[in-house]
Every structure is written in structure tokens, then in C-alpha cells.
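Source file: work.cif (mmCIF, C-alpha atoms)
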data_entry
#
loop_
_atom_site.group_PDB
_atom_site.id
_atom_site.type_symbol
_atom_site.label_atom_id
_atom_site.label_comp_id
_atom_site.auth_asym_id
_atom_site.auth_seq_id
_atom_site.Cartn_x
_atom_site.Cartn_y
_atom_site.Cartn_z
ATOM 1 C CA MET A 1 104.379 79.466 108.420
ATOM 2 C CA LEU A 2 102.273 80.411 105.425
ATOM 3 C CA THR A 3 101.836 84.066 104.501
ATOM 4 C CA CYS A 4 98.280 85.107 103.782
ATOM 5 C CA VAL A 5 96.293 88.005 102.370
ATOM 6 C CA ALA A 6 92.587 88.269 103.074
ATOM 7 C CA VAL A 7 90.224 89.537 100.395
ATOM 8 C CA ILE A 8 86.749 90.743 101.328
ATOM 9 C CA PRO A 9 84.337 91.161 98.405
ATOM 10 C CA ALA A 10 81.834 93.861 99.392
ATOM 11 C CA ARG A 11 79.425 94.875 96.662
ATOM 12 C CA ALA A 12 76.900 97.596 97.492
ATOM 13 C CA GLY A 13 74.262 96.374 95.068
ATOM 14 C CA SER A 14 73.972 92.818 96.319
ATOM 15 C CA SER A 15 70.581 91.153 96.842
ATOM 16 C CA LEU A 16 69.839 93.184 99.966
ATOM 17 C CA ARG A 17 71.153 96.677 99.128
ATOM 18 C CA ASP A 18 73.890 97.893 101.484
ATOM 19 C CA LYS A 19 73.620 94.820 103.731
ATOM 20 C CA ASN A 20 77.431 94.789 103.951
ATOM 21 C CA ILE A 21 77.399 98.045 105.898
ATOM 22 C CA ALA A 22 74.386 97.243 108.071
ATOM 23 C CA ASP A 23 75.114 98.120 111.700
ATOM 24 C CA LEU A 24 75.791 95.301 114.131
ATOM 25 C CA GLY A 25 76.885 96.251 117.624
ATOM 26 C CA GLY A 26 77.918 99.736 116.548
ATOM 27 C CA LYS A 27 80.013 98.622 113.551
ATOM 28 C CA PRO A 28 79.176 97.912 109.914
ATOM 29 C CA LEU A 29 79.283 94.224 108.930
ATOM 30 C CA LEU A 30 82.200 95.054 106.624
ATOM 31 C CA VAL A 31 84.253 96.294 109.581
ATOM 32 C CA HIS A 32 83.566 93.076 111.510
ATOM 33 C CA ALA A 33 85.069 91.138 108.581
ATOM 34 C CA ILE A 34 88.096 93.443 108.388
ATOM 35 C CA LEU A 35 88.745 93.143 112.131
ATOM 36 C CA ALA A 36 88.436 89.331 111.992
ATOM 37 C CA ALA A 37 91.044 89.302 109.206
ATOM 38 C CA LYS A 38 93.500 91.533 111.058
ATOM 39 C CA HIS A 39 95.732 88.940 112.632
ATOM 40 C CA LYS A 40 99.495 88.562 112.663
ATOM 41 C CA SER A 41 99.151 85.677 110.190
ATOM 42 C CA VAL A 42 97.529 88.010 107.613
ATOM 43 C CA ALA A 43 99.924 90.261 105.715
ATOM 44 C CA GLU A 44 97.201 92.464 104.189
ATOM 45 C CA VAL A 45 93.432 92.853 104.238
ATOM 46 C CA ILE A 46 92.037 93.838 100.838
ATOM 47 C CA VAL A 47 88.478 94.991 100.234
ATOM 48 C CA THR A 48 87.148 94.908 96.686
ATOM 49 C CA THR A 49 84.079 97.064 96.218
ATOM 50 C CA ASP A 50 82.003 99.055 93.766
ATOM 51 C CA SER A 51 80.990 101.657 96.358
ATOM 52 C CA PRO A 52 82.833 104.833 97.372
ATOM 53 C CA VAL A 53 81.009 104.637 100.733
ATOM 54 C CA TYR A 54 82.226 101.075 101.337
ATOM 55 C CA ALA A 55 85.711 102.120 100.229
ATOM 56 C CA GLU A 56 85.768 104.930 102.791
ATOM 57 C CA ILE A 57 84.602 102.601 105.585
ATOM 58 C CA ALA A 58 87.151 99.932 104.629
ATOM 59 C CA ASP A 59 89.999 102.440 104.399
ATOM 60 C CA ALA A 60 89.129 103.877 107.823
ATOM 61 C CA ALA A 61 89.216 100.323 109.237
ATOM 62 C CA GLY A 62 92.723 99.800 107.844
ATOM 63 C CA ALA A 63 92.036 97.736 104.720
ATOM 64 C CA TYR A 64 93.634 98.215 101.313
ATOM 65 C CA VAL A 65 90.779 99.141 98.955
ATOM 66 C CA VAL A 66 90.427 98.142 95.306
ATOM 67 C CA MET A 67 87.587 99.682 93.332
ATOM 68 C CA ARG A 68 85.943 97.115 91.085
ATOM 69 C CA PRO A 69 85.140 97.846 87.456
ATOM 70 C CA HIS A 70 81.416 97.789 86.674
ATOM 71 C CA ALA A 71 81.702 94.481 84.787
ATOM 72 C CA LEU A 72 82.823 92.800 88.024
ATOM 73 C CA ALA A 73 80.092 94.408 90.149
ATOM 74 C CA THR A 74 76.879 93.198 88.540
ATOM 75 C CA ASP A 75 74.437 90.665 89.984
ATOM 76 C CA GLU A 76 75.611 88.179 87.349
ATOM 77 C CA ALA A 77 79.352 88.646 87.893
ATOM 78 C CA PRO A 78 80.948 85.764 89.800
ATOM 79 C CA THR A 79 83.108 86.544 92.828
ATOM 80 C CA ASP A 80 86.318 84.871 91.617
ATOM 81 C CA PRO A 81 87.165 87.415 88.878
ATOM 82 C CA ALA A 82 86.671 90.234 91.416
ATOM 83 C CA ILE A 83 89.078 88.468 93.809
ATOM 84 C CA VAL A 84 91.651 88.041 91.014
ATOM 85 C CA HIS A 85 91.269 91.714 90.018
ATOM 86 C CA ALA A 86 91.786 92.814 93.635
ATOM 87 C CA LEU A 87 94.837 90.569 94.059
ATOM 88 C CA ASN A 88 96.422 91.786 90.822
ATOM 89 C CA SER A 89 95.861 95.417 91.842
ATOM 90 C CA TRP A 90 97.339 94.816 95.289
ATOM 91 C CA LEU A 91 100.283 92.798 93.922
ATOM 92 C CA SER A 92 101.174 95.599 91.476
ATOM 93 C CA MET A 93 101.196 98.125 94.316
ATOM 94 C CA ALA A 94 103.055 95.836 96.737
ATOM 95 C CA GLN A 95 105.738 94.911 94.211
ATOM 96 C CA ALA A 96 106.337 98.572 93.376
ATOM 97 C CA ALA A 97 106.454 99.576 97.047
ATOM 98 C CA HIS A 98 108.745 96.713 98.071
ATOM 99 C CA ALA A 99 110.704 96.139 94.878
ATOM 100 C CA VAL A 100 113.560 94.415 96.696
ATOM 101 C CA GLY A 101 112.673 91.249 98.539
ATOM 102 C CA PHE A 102 108.940 91.249 97.828
ATOM 103 C CA ARG A 103 107.424 87.807 98.218
ATOM 104 C CA PRO A 104 103.835 87.149 97.132
ATOM 105 C CA PRO A 105 101.577 85.499 99.701
ATOM 106 C CA ASP A 106 101.254 81.735 99.883
ATOM 107 C CA VAL A 107 97.538 81.793 100.617
ATOM 108 C CA VAL A 108 94.527 83.944 99.798
ATOM 109 C CA ALA A 109 91.613 83.878 102.230
ATOM 110 C CA THR A 110 88.228 85.134 101.082
ATOM 111 C CA LEU A 111 85.953 86.404 103.828
ATOM 112 C CA GLN A 112 82.353 87.316 103.112
ATOM 113 C CA PRO A 113 81.379 90.556 104.881
ATOM 114 C CA ASP A 114 77.907 89.310 105.802
ATOM 115 C CA ALA A 115 79.194 86.623 108.212
ATOM 116 C CA PRO A 116 80.098 88.754 111.249
ATOM 117 C CA PHE A 117 80.262 86.059 113.922
ATOM 118 C CA ARG A 118 83.474 84.369 112.790
ATOM 119 C CA SER A 119 86.187 83.972 115.378
ATOM 120 C CA SER A 120 89.359 86.023 115.132
ATOM 121 C CA LEU A 121 91.135 82.661 115.345
ATOM 122 C CA LEU A 122 89.463 81.361 112.172
ATOM 123 C CA ILE A 123 92.241 82.368 109.779
ATOM 124 C CA PRO A 124 95.213 81.240 111.897
ATOM 125 C CA THR A 125 93.455 77.946 112.682
ATOM 126 C CA ALA A 126 92.602 77.436 109.005
ATOM 127 C CA LEU A 127 96.192 78.205 107.977
ATOM 128 C CA GLU A 128 97.498 75.652 110.480
ATOM 129 C CA ALA A 129 95.090 73.021 109.129
ATOM 130 C CA LEU A 130 95.995 73.869 105.536
ATOM 131 C CA HIS A 131 99.702 73.548 106.293
ATOM 132 C CA ALA A 132 99.348 70.379 108.405
ATOM 133 C CA GLN A 133 97.307 68.617 105.715
ATOM 134 C CA GLU A 134 99.528 69.900 102.895
ATOM 135 C CA ALA A 135 96.317 70.912 101.150
ATOM 136 C CA ASP A 136 95.951 73.492 98.404
ATOM 137 C CA SER A 137 92.532 74.774 99.455
ATOM 138 C CA LEU A 138 90.229 74.879 102.450
ATOM 139 C CA LEU A 139 86.580 75.849 102.787
ATOM 140 C CA CYS A 140 85.189 76.876 106.163
ATOM 141 C CA LEU A 141 81.439 76.678 106.608
ATOM 142 C CA THR A 142 79.069 77.257 109.476
ATOM 143 C CA PRO A 143 75.564 75.924 110.061
ATOM 144 C CA LEU A 144 72.783 78.320 109.100
ATOM 145 C CA HIS A 145 70.534 78.901 112.095
ATOM 146 C CA PHE A 146 68.549 81.846 110.787
ATOM 147 C CA VAL A 147 67.579 83.675 107.636
ATOM 148 C CA TRP A 148 67.946 87.447 107.648
ATOM 149 C CA GLY A 149 65.579 89.518 105.521
ATOM 150 C CA GLU A 150 63.767 92.831 105.459
ATOM 151 C CA TRP A 151 60.971 91.244 107.513
ATOM 152 C CA GLY A 152 63.333 90.284 110.341
ATOM 153 C CA VAL A 153 65.024 87.071 111.411
ATOM 154 C CA LEU A 154 63.479 83.646 110.925
ATOM 155 C CA ASP A 155 64.922 81.050 113.294
ATOM 156 C CA ARG A 156 65.807 77.872 111.373
ATOM 157 C CA ARG A 157 66.958 75.700 114.287
ATOM 158 C CA GLY A 158 65.175 72.448 114.950
#
So, in terms of C-alpha cells, how does the structure I just supplied come out?
Amino acid sequence: MLTCVAVIPARAGSSLRDKNIADLGGKPLLVHAILAAKHKSVAEVIVTTDSPVYAEIADAAGAYVVMRPHALATDEAPTDPAIVHALNSWLSMAQAAHAVGFRPPDVVATLQPDAPFRSSLLIPTALEALHAQEADSLLCLTPLHFVWGEWGVLDRRG
């Protein structure tokens, strides 16, 4: 089976400030993402953030936290360089901690923190599909049924 690390990019200054730690059912959205990633098929859950508050929440939920440099935390900065930065930071730590026999993961899963309704079976199911199809990438999407904003929720069904 494929080994996987999950990376959750959680920037505090995104379009809706602090949306990634908005409470849903007694937990911040970020924690929902971390819990969905915690599965036996995931070797490590990494959160990359620009916020000490997010870092504290992620650490308490059992994620490995990588603080992003400012250049990777602006509105204009794409997500991919932040993911690469987080992976490189984690790999450096993991290689040093497990110098003998360390094997990098086969797969990196990126989970957005503002999609809290994903199934805990999403990652293992995706890994099975990836392996079965001998693919090198997989994108999981879900239909958008509502838009969430400061004015509330607008239903977009039908």
C-alpha cells in the first residue's frame, strides 16, 4: 500500500479572516480537517500556517506544524510553494529523527481546512483508486450546494 502524508494549508489572512478556525459543532474547521486526515493510511498530518493561534490549535490536535514565511502567506502566494515548503521542513525533521530506514512518503494529500464535511474514508479510498489506476495524481471534488459568507448561507441547490 502507498504511504501518505497529508498537508493542510491554513492561512489566517485568507479572504474571510480566520475562517479556518471558525467553530463547527464545537471544533474549529482546521481540527475537522486534521481529524479527517488521521487514518492508518496517513503517516503524518502537516499543517502549514502563518498564525501562531492556528499553530497552537493544530499542535493540540496532533498535527506537525510548519510556520510559513511571510512570502508564502500573502493573498497572492499560490498554495503549491507553501506545500513544498511544509514538506521540505517535515522531511528534514523526519530524516534526522529516523536516520536509519527512513522512507519518504509515496503520496502527498492536500486537504483544505474549509471543507469540513469530508468523510474519514476519503483518503484511504482515494489512495486505493490512485494505486488501482496506477495514476500519479488524483483530484477529489464535491458539488457546491451553498455559499458561505458574512451574511449567512445562500443555498445554491436547484
Item to check | Result set of the PyMOL selection byres ((chain A and resi 106-109) around 7) on the coordinates above, as a PyMOL selection string | outcome: chain A and resi 2-7+104-105+110-111
Selection file, C-alpha atoms, as a short mmCIF file (atom, residue, chain, number, x, y, z; two decimals), in the coordinates of the input:
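Output below, filename result.cif:
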data_model
loop_
_atom_site.label_atom_id
_atom_site.label_comp_id
_atom_site.auth_asym_id
_atom_site.auth_seq_id
_atom_site.Cartn_x
_atom_site.Cartn_y
_atom_site.Cartn_z
CA LEU A 2 102.27 80.41 105.42
CA THR A 3 101.84 84.07 104.50
CA CYS A 4 98.28 85.11 103.78
CA VAL A 5 96.29 88.00 102.37
CA ALA A 6 92.59 88.27 103.07
CA VAL A 7 90.22 89.54 100.40
CA PRO A 104 103.84 87.15 97.13
CA PRO A 105 101.58 85.50 99.70
CA THR A 110 88.23 85.13 101.08
CA LEU A 111 85.95 86.40 103.83
#
Item to check | Minimum-distance residue to A:Thr48, chosen among A:Arg11, A:Lys19, A:His98, A:Lys27 (using all atoms listed in the file) | outcome: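 Using all atoms listed in the file, A:Thr48 sits closest to A:Arg11.
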Next on the checklist: Using all atoms listed in the file, which protein or nucleic acid residues come within 12 Å of stretch 52-64 of chain A? Drop anything in the same chain fewer than 5 positions from it, and give the result as a ChimeraX atom specification.
Outcome noted: /A:5-13,18-22,27-38,42-47,86-87,89-91,93-94,113
Checklist entry - With all atoms listed in the file as the atoms that count, which of A:Ala115, A:Asp50, A:Ala126, A:Gln95 lies nearest to A:Thr74? => result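 Going through A:Ala115, A:Asp50, A:Ala126, A:Gln95 one by one, the smallest distance to A:Thr74 is for A:Asp50.
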Checklist outcome for this item: re atom CA of A:Arg17 and atom CA of A:Cys140: distance 25.3 Å
Checklist entry - What is the atom CA of A:His85-atom CA of A:Phe102 distance in Å, reported with one decimal? => result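 About the pair atom CA of A:His85 and atom CA of A:Phe102: they are 19.3 Å apart.
Note that the spacing between atom CA of A:Asp80 and atom CA of A:Ser120 amounts to 23.7 Å.
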Checklist entry - For A:Ser15, which residue out of A:Asn88, A:Ser41, A:Asp75, A:Ala129 is the nearest one, using only C-alpha atoms? => result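 Result for the nearest residue to A:Ser15: A:Asp75.
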Padding of 3 Å on every side, edges along x, y and z, all listed atoms of stretch 112-128 of chain A included: what centre and edge lengths in Å, to one decimal, does that box have, as AutoDock Vina command-line options?
--center_x 87.7 --center_y 83.1 --center_z 109.2 --size_x 25.6 --size_y 20.9 --size_z 18.3
